[in-house]
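Novice: Once you've had a glance at the structure underneath, I'll fire off some questions.
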Amino acid sequence: MDKYRLRQYMDASPDAKLKDLVMQLLYDEILSLRIAPGSRLNVNQIASSLGISRTPVVEAVAALAEGGFVVSRPGQPGSFVLELSMTDMIDLYHVRGALESTAAALCAYRADDRVLRELSLLAEAFKESVENRDIRGMKDTDMPFHRLIIDSCGNPYVVQSYEQILPKLTMYQSSMLEFIARQDDSANPWMASVKYNHVSVVSAIRMRMPELARQSMAEHVGASLNFTSLSGDGSDPFRVLKR
């Protein structure tokens with residue numbers, strides 16, 4: 001992370017405030033794993049590397065903390081990127097599976113033609129992105145696919161519950177996509193399942209089969225979890241990131 005990358009962000013959004021550009025830069029660094037989970041964010045070091053004052057960096061880190069991506073630790077100064085671990089991911093994905101499976105089943109009842117079209121486009125684009133190891137394409141289609149199902153389910157309590165887990169879920173999903181980009185199809189037996197799961201979920205919703213949609217989404221969440229667990233060569237893949 002340096003001032004040249006910040007300049008790219010400034011050129012892309014010339015009217016944006018500096019603190020917002022720094023926040024987006026840090027956010028992208030965190031989700032791409034270039035800043036490892038659990039890392040301390042050194043405000044002075046970041047400001048120096050970007051060639052700016054501390055103030056916009058402090059404000060950017062505060063915004064990330066408000067969004068749940070950065071936390072403080074008792075007895076330790078500074079701010080830290082949210083810690084990730086395989087054990088924590090398992091706990092989170094049990095909740096995620098329950099929420100998204102319910103949402104998929106409800107969408108089989110309630111999704112209109114517009115939602116079905118958007119889901120189909122996102123599912124196909126995600127599959128192609130996985131095949132091409134296009135990390136940007138995967139990130140542009142993965143969470144939007146899941147979010148559209150949540151937002152279209154018609155149950156406000158499912159939506160509210162999902163919002164609570166979204167920051168950490170976004171980090172785990174982004175991590176999984178980074179793992180996908182680093183492996184070939186033969187390296188992980190769950191690759192094929194992850195690649196086609198979105199299409200399977202959409203097919204069940206389109207056929208108006210709620211229980212099949214529920215099952216398809218549960219299998220997808222499970223496949224994502226299994227894929228990630230096998231991405232660390234026998235170790236916790238998130239611990240490997242911090243070495």
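Following the order of the structure tokens, first chain is A, next is B, and so on, with residues numbered from 1 inside each chain and ligands from 1 in the order they appear.
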I want to know what sits within 8 Å of region 124-135 of chain A, based on only C-alpha atoms, with residues of the same chain fewer than 2 positions away left out; could you give that as a short mmCIF file (atom, residue, chain, number, x, y, z; two decimals) with all heavy atoms, in the first residue's frame?

Specialist:
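Saved file around28.cif follows:
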data_model
loop_
_atom_site.label_atom_id
_atom_site.label_comp_id
_atom_site.auth_asym_id
_atom_site.auth_seq_id
_atom_site.Cartn_x
_atom_site.Cartn_y
_atom_site.Cartn_z
N SER A 120 -30.06 -15.24 -11.96
CA SER A 120 -29.49 -16.08 -13.02
C SER A 120 -28.23 -15.46 -13.62
O SER A 120 -27.23 -16.15 -13.84
CB SER A 120 -30.53 -16.30 -14.12
OG SER A 120 -31.63 -17.04 -13.64
N LEU A 121 -28.27 -14.16 -13.86
CA LEU A 121 -27.11 -13.48 -14.41
C LEU A 121 -25.93 -13.52 -13.44
O LEU A 121 -24.79 -13.77 -13.84
CB LEU A 121 -27.47 -12.02 -14.73
CG LEU A 121 -28.43 -11.80 -15.91
CD1 LEU A 121 -28.84 -10.34 -15.99
CD2 LEU A 121 -27.76 -12.23 -17.22
N LEU A 122 -26.20 -13.29 -12.17
CA LEU A 122 -25.13 -13.32 -11.17
C LEU A 122 -24.55 -14.72 -11.02
O LEU A 122 -23.33 -14.89 -10.89
CB LEU A 122 -25.67 -12.83 -9.82
CG LEU A 122 -25.96 -11.33 -9.70
CD1 LEU A 122 -26.75 -11.04 -8.42
CD2 LEU A 122 -24.66 -10.53 -9.71
N GLY A 137 -14.13 -10.51 -10.66
CA GLY A 137 -15.44 -10.97 -11.11
C GLY A 137 -16.15 -11.77 -10.04
O GLY A 137 -17.37 -11.65 -9.86
N MET A 138 -15.42 -12.61 -9.32
CA MET A 138 -16.03 -13.39 -8.24
C MET A 138 -16.57 -12.48 -7.15
O MET A 138 -17.69 -12.67 -6.65
CB MET A 138 -15.00 -14.37 -7.66
CG MET A 138 -14.72 -15.57 -8.54
SD MET A 138 -13.70 -16.82 -7.70
CE MET A 138 -12.05 -16.21 -8.07
N LYS A 139 -15.78 -11.49 -6.77
CA LYS A 139 -16.21 -10.59 -5.70
C LYS A 139 -17.38 -9.71 -6.12
O LYS A 139 -18.21 -9.34 -5.30
CB LYS A 139 -15.03 -9.75 -5.23
CG LYS A 139 -14.00 -10.57 -4.46
CD LYS A 139 -12.89 -9.70 -3.90
CE LYS A 139 -11.93 -10.56 -3.08
NZ LYS A 139 -10.83 -9.78 -2.49
N THR A 141 -19.79 -10.64 -8.00
CA THR A 141 -21.02 -11.42 -8.21
C THR A 141 -21.41 -12.30 -7.03
O THR A 141 -22.58 -12.67 -6.91
CB THR A 141 -20.87 -12.32 -9.45
OG1 THR A 141 -19.70 -13.14 -9.31
CG2 THR A 141 -20.74 -11.48 -10.71
N ASP A 142 -20.48 -12.63 -6.14
CA ASP A 142 -20.76 -13.58 -5.07
C ASP A 142 -21.68 -12.99 -3.99
O ASP A 142 -22.82 -13.42 -3.83
CB ASP A 142 -19.46 -14.07 -4.43
CG ASP A 142 -19.71 -15.10 -3.35
OD1 ASP A 142 -20.56 -15.99 -3.56
OD2 ASP A 142 -19.08 -15.02 -2.29
N LEU A 177 -12.73 -16.59 -1.63
CA LEU A 177 -12.51 -16.31 -3.04
C LEU A 177 -11.03 -16.15 -3.36
O LEU A 177 -10.57 -16.54 -4.43
CB LEU A 177 -13.29 -15.05 -3.45
CG LEU A 177 -14.81 -15.13 -3.29
CD1 LEU A 177 -15.47 -13.84 -3.72
CD2 LEU A 177 -15.40 -16.31 -4.06
N GLU A 178 -10.30 -15.57 -2.42
CA GLU A 178 -8.84 -15.49 -2.60
C GLU A 178 -8.23 -16.89 -2.64
O GLU A 178 -7.33 -17.16 -3.43
CB GLU A 178 -8.22 -14.66 -1.47
CG GLU A 178 -8.57 -13.19 -1.48
CD GLU A 178 -7.89 -12.42 -2.60
OE1 GLU A 178 -6.88 -12.92 -3.14
OE2 GLU A 178 -8.37 -11.33 -2.94
N ILE A 180 -9.75 -19.58 -3.68
CA ILE A 180 -10.13 -20.14 -4.97
C ILE A 180 -9.16 -19.69 -6.06
O ILE A 180 -8.70 -20.48 -6.89
CB ILE A 180 -11.57 -19.74 -5.35
CG1 ILE A 180 -12.59 -20.46 -4.47
CG2 ILE A 180 -11.85 -20.05 -6.83
CD1 ILE A 180 -14.02 -20.02 -4.70
N ALA A 181 -8.83 -18.40 -6.04
CA ALA A 181 -7.97 -17.84 -7.08
C ALA A 181 -6.56 -18.44 -7.05
O ALA A 181 -5.86 -18.43 -8.05
CB ALA A 181 -7.88 -16.32 -6.92
N LYS A 195 -18.35 -24.02 -7.57
CA LYS A 195 -18.52 -23.38 -8.88
C LYS A 195 -19.98 -23.40 -9.35
O LYS A 195 -20.47 -22.43 -9.92
CB LYS A 195 -17.64 -24.09 -9.91
CG LYS A 195 -17.63 -23.45 -11.28
CD LYS A 195 -16.94 -24.34 -12.31
CE LYS A 195 -15.54 -24.74 -11.91
NZ LYS A 195 -14.87 -25.53 -12.98
N TYR A 196 -20.68 -24.52 -9.10
CA TYR A 196 -22.02 -24.68 -9.65
C TYR A 196 -23.15 -24.46 -8.64
O TYR A 196 -24.33 -24.50 -9.02
CB TYR A 196 -22.16 -26.09 -10.25
CG TYR A 196 -21.34 -26.29 -11.50
CD1 TYR A 196 -20.17 -27.04 -11.46
CD2 TYR A 196 -21.72 -25.71 -12.70
CE1 TYR A 196 -19.40 -27.22 -12.60
CE2 TYR A 196 -20.95 -25.88 -13.85
CZ TYR A 196 -19.80 -26.64 -13.79
OH TYR A 196 -19.04 -26.81 -14.92
N HIS A 198 -24.35 -21.83 -7.07
CA HIS A 198 -25.25 -20.70 -7.32
C HIS A 198 -26.30 -21.06 -8.36
O HIS A 198 -27.48 -20.73 -8.23
CB HIS A 198 -24.46 -19.47 -7.78
CG HIS A 198 -23.71 -18.79 -6.69
ND1 HIS A 198 -23.15 -17.53 -6.83
CD2 HIS A 198 -23.40 -19.18 -5.42
CE1 HIS A 198 -22.55 -17.18 -5.72
NE2 HIS A 198 -22.67 -18.17 -4.85
N VAL A 199 -25.85 -21.73 -9.42
CA VAL A 199 -26.77 -22.13 -10.49
C VAL A 199 -27.82 -23.09 -9.94
O VAL A 199 -29.01 -22.99 -10.29
CB VAL A 199 -25.99 -22.79 -11.64
CG1 VAL A 199 -26.95 -23.30 -12.71
CG2 VAL A 199 -25.00 -21.80 -12.25
#

Novice: Need the shell around region 100-107 of chain A: protein/DNA/RNA residues with any atom at most 8 Å away, counting only C-alpha atoms. Skip same-chain ones fewer than 4 positions apart. Format as a PyMOL selection string?

Specialist: chain A and resi 96+111+146+149-150+152-155+158+201+205+209-218

Novice: Could you list, with a cut-off of 10 Å and counting only C-alpha atoms, the residues of region 160-186 of chain A near region 229-233 of chain A, each shown with its nearest atom pair and the distance in Å rounded to one decimal, rows sorted by chain and ascending number, as JSON lines?

Specialist:
{"residue": "A:Met176", "atom": "CA", "partner": "A:Ser231", "partner_atom": "CA", "distance": 8.6}
{"residue": "A:Phe179", "atom": "CA", "partner": "A:Ser231", "partner_atom": "CA", "distance": 6.5}
{"residue": "A:Ile180", "atom": "CA", "partner": "A:Ser231", "partner_atom": "CA", "distance": 8.5}
{"residue": "A:Arg182", "atom": "CA", "partner": "A:Ser231", "partner_atom": "CA", "distance": 9.3}
{"residue": "A:Gln183", "atom": "CA", "partner": "A:Ser231", "partner_atom": "CA", "distance": 8.4}

Novice: Run DSSP on the backbone and tell me which residues of region 89-206 of chain A come out as alpha helix (DSSP H); list them as a ChimeraX atom specification.

Specialist: /A:89-110,113-131,135-151,156-181,191-206

Novice: Find the residues near Ala62 (chain A): any atom within 12 Å, counting only C-alpha atoms, skip ones fewer than 4 places away on the same chain, and give them as a PyMOL selection string.

Specialist: chain A and resi 19-20+22-23+26-27+41+43+55-58+66-72+78-81

Novice: Closest to Arg5 (chain A) among A:Pro144, A:Leu33, A:Arg40, A:Leu50, using only C-alpha atoms?

Specialist: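 Looking only at the distances to Arg5 (chain A), the closest residue turns out to be A:Leu50.
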
Novice: Of the candidates A:Ser13, A:Asn42, A:Ser203, A:Ser175, which one gets nearest to Pro77 (chain A) if we count only C-alpha atoms?

Specialist: A:Asn42

Novice: As a PyMOL selection string, which residues of region 37-174 of chain A does DSSP assign to strand (DSSP E or B)?

Specialist: chain A and resi 40-41+70-73+76-81

Novice: May I ask for the distance between CA of Gly38 (chain A) and CA of Glu83 (chain A), given in Å to one decimal place?

Specialist: 4.3 Å

Novice: Figure out the distance between CA of Ile165 (chain A) and CA of Leu148 (chain A), please, to one decimal in Å.

Specialist: 15.7 Å

Novice: Excluding Asp2 (chain A) and its own-chain neighbours fewer than 4 positions away, which residues fall within 9 Å of it when counting only C-alpha atoms? Please give them as a ChimeraX atom specification.

Specialist: /A:6-7,46,48-51

Novice: Write out, as a short mmCIF file (atom, residue, chain, number, x, y, z; two decimals), in the first residue's frame, the residues just selected, with all heavy atoms.

Specialist:
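out.cif, written as the output of this step:
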data_model
loop_
_atom_site.label_atom_id
_atom_site.label_comp_id
_atom_site.auth_asym_id
_atom_site.auth_seq_id
_atom_site.Cartn_x
_atom_site.Cartn_y
_atom_site.Cartn_z
N LEU A 6 -2.99 5.07 -3.81
CA LEU A 6 -3.95 6.09 -3.39
C LEU A 6 -4.25 7.05 -4.53
O LEU A 6 -5.40 7.45 -4.73
CB LEU A 6 -3.41 6.85 -2.18
CG LEU A 6 -4.31 7.98 -1.65
CD1 LEU A 6 -5.67 7.45 -1.22
CD2 LEU A 6 -3.63 8.71 -0.49
N ARG A 7 -3.23 7.39 -5.30
CA ARG A 7 -3.43 8.27 -6.44
C ARG A 7 -4.40 7.65 -7.46
O ARG A 7 -5.23 8.36 -8.04
CB ARG A 7 -2.08 8.56 -7.11
CG ARG A 7 -2.17 9.33 -8.43
CD ARG A 7 -2.92 10.63 -8.31
NE ARG A 7 -2.27 11.55 -7.38
CZ ARG A 7 -2.76 12.73 -7.07
NH1 ARG A 7 -3.92 13.13 -7.58
NH2 ARG A 7 -2.13 13.51 -6.21
N ILE A 46 0.82 3.93 8.07
CA ILE A 46 -0.07 4.03 6.91
C ILE A 46 -0.02 5.43 6.33
O ILE A 46 0.10 5.62 5.11
CB ILE A 46 -1.51 3.65 7.30
CG1 ILE A 46 -1.59 2.17 7.67
CG2 ILE A 46 -2.47 3.97 6.16
CD1 ILE A 46 -2.91 1.76 8.28
N SER A 48 2.34 7.63 6.56
CA SER A 48 3.65 7.86 5.94
C SER A 48 3.74 7.19 4.57
O SER A 48 4.24 7.79 3.60
CB SER A 48 4.76 7.34 6.86
OG SER A 48 6.03 7.47 6.27
N SER A 49 3.26 5.95 4.47
CA SER A 49 3.35 5.24 3.20
C SER A 49 2.47 5.87 2.13
O SER A 49 2.79 5.81 0.94
CB SER A 49 2.96 3.77 3.39
OG SER A 49 1.60 3.64 3.72
N LEU A 50 1.38 6.51 2.56
CA LEU A 50 0.47 7.15 1.60
C LEU A 50 0.86 8.59 1.32
O LEU A 50 0.29 9.22 0.42
CB LEU A 50 -0.97 7.09 2.13
CG LEU A 50 -1.59 5.70 2.27
CD1 LEU A 50 -3.00 5.80 2.84
CD2 LEU A 50 -1.61 4.96 0.95
N GLY A 51 1.77 9.14 2.12
CA GLY A 51 2.20 10.52 1.93
C GLY A 51 1.16 11.54 2.34
O GLY A 51 1.03 12.60 1.71
#

Novice: What does the distance from CA of Ala36 (chain A) to CA of Gln76 (chain A) come to in Å, to one decimal?

Specialist: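 Interatomic distance here is 17.9 Å.
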
Novice: Give the answer as one residue: which of A:Leu21, A:Val159, A:Met10, A:Met1 has the shortest atom-to-atom distance to Leu99 (chain A), using only C-alpha atoms?

Specialist: A:Val159
